[in-house]
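S.K.: Can you keep this structure in mind? I'll have questions shortly.
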Amino acid sequence: SLFNSLISKHGIEQARHFYKLKCPIIGASVGQHIRHSMDHLELASILAASTDLSATTDAPELHYDLRVRGGTLEHDMDEARKRIENTCVVLEELSSQDADLVFRPVKASFFLTADETDEFGLASTIGRELGFAAHHALHHMAMIRIAALNSCGLSEEDLSADFGRAPSTIQHDRANG
């Protein structure tokens, strides 16, 4: 994992420093990208885990842009690791639930422009939003890769070859060797 690579290469204290160091190329730290990605993944997974399939109430709502920025998770690598592990547990538990869960309606809300004061809501499903959150996280992992290679003292050999690469890109590269 990225955390293990940072620790192996630099030791725990220096790894913690690099985790919160802002990369000038992308304008953010590894920690900021992890916090942002986890906000989305955690929101979608917690909503899925708390959904009662027998309920006939209105679709639950996801508010992607109403989140807390900054804070401990952007600066504390150990807390970020715990958050990732906890979210993985929730997702693992979801995988054994009723398959109809992914079809449960939700309303996904977000801002379309910085000038708006009201969120825009779209009808969606839990499965679609879990997929969106995972796909969104992959793109942030690409940014994390840039930060790791350019500001955190890691080399290509320190990261998985596919770290931060979309599955479709990996498949394309394999097919076109």
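Ordering of the structure tokens sets the chain letters (A, B, ...), residue numbers begin anew at 1 in every chain, and ligands are numbered from 1 in the order given.
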What are the DSSP helix (DSSP H, G or I) residues of range 15-166 of chain A, as a PyMOL selection string?

M.R.: chain A and resi 15-20+30-49+72-75+77-94+99-103+126-150+156-158

S.K.: For Glu119 in chain A, which residue out of A:Ser96, A:Lys107, A:Asn86, A:Ala175 is the nearest one, using only C-alpha atoms?

M.R.: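 Smallest distance to Glu119 in chain A is found for A:Lys107.
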
S.K.: Using only C-alpha atoms, determine which residues lie at most 12 Å from Phe18 in chain A, disregarding the query and same-chain residues fewer than 2 positions distant; provide the list as a PyMOL selection string.

M.R.: chain A and resi 2-3+5-7+9-16+20-23+28-32+74-77+144+147-154

S.K.: Find the spatial neighbours of range 129-139 of chain A, counting only C-alpha atoms, within a cut-off of 12 Å - ignore same-chain residues fewer than 2 positions away - and output them as an MDAnalysis selection string.

M.R.: chainID A and resid 33:49 60:64 84 87:88 90:91 94:95 101:109 122:127 141:146 162:169

S.K.: Once DSSP has gone over the backbone, tell me which residues of chain A are in strand (DSSP E or B), as a PyMOL selection string.

M.R.: chain A and resi 22-23+28-29+61-63+105-110+120-125

S.K.: What separation in Å, quoted to one decimal, exists between CA of Ile26 in chain A and CA of Glu79 in chain A?

M.R.: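 CA of Ile26 in chain A sits 22.9 Å away from CA of Glu79 in chain A.
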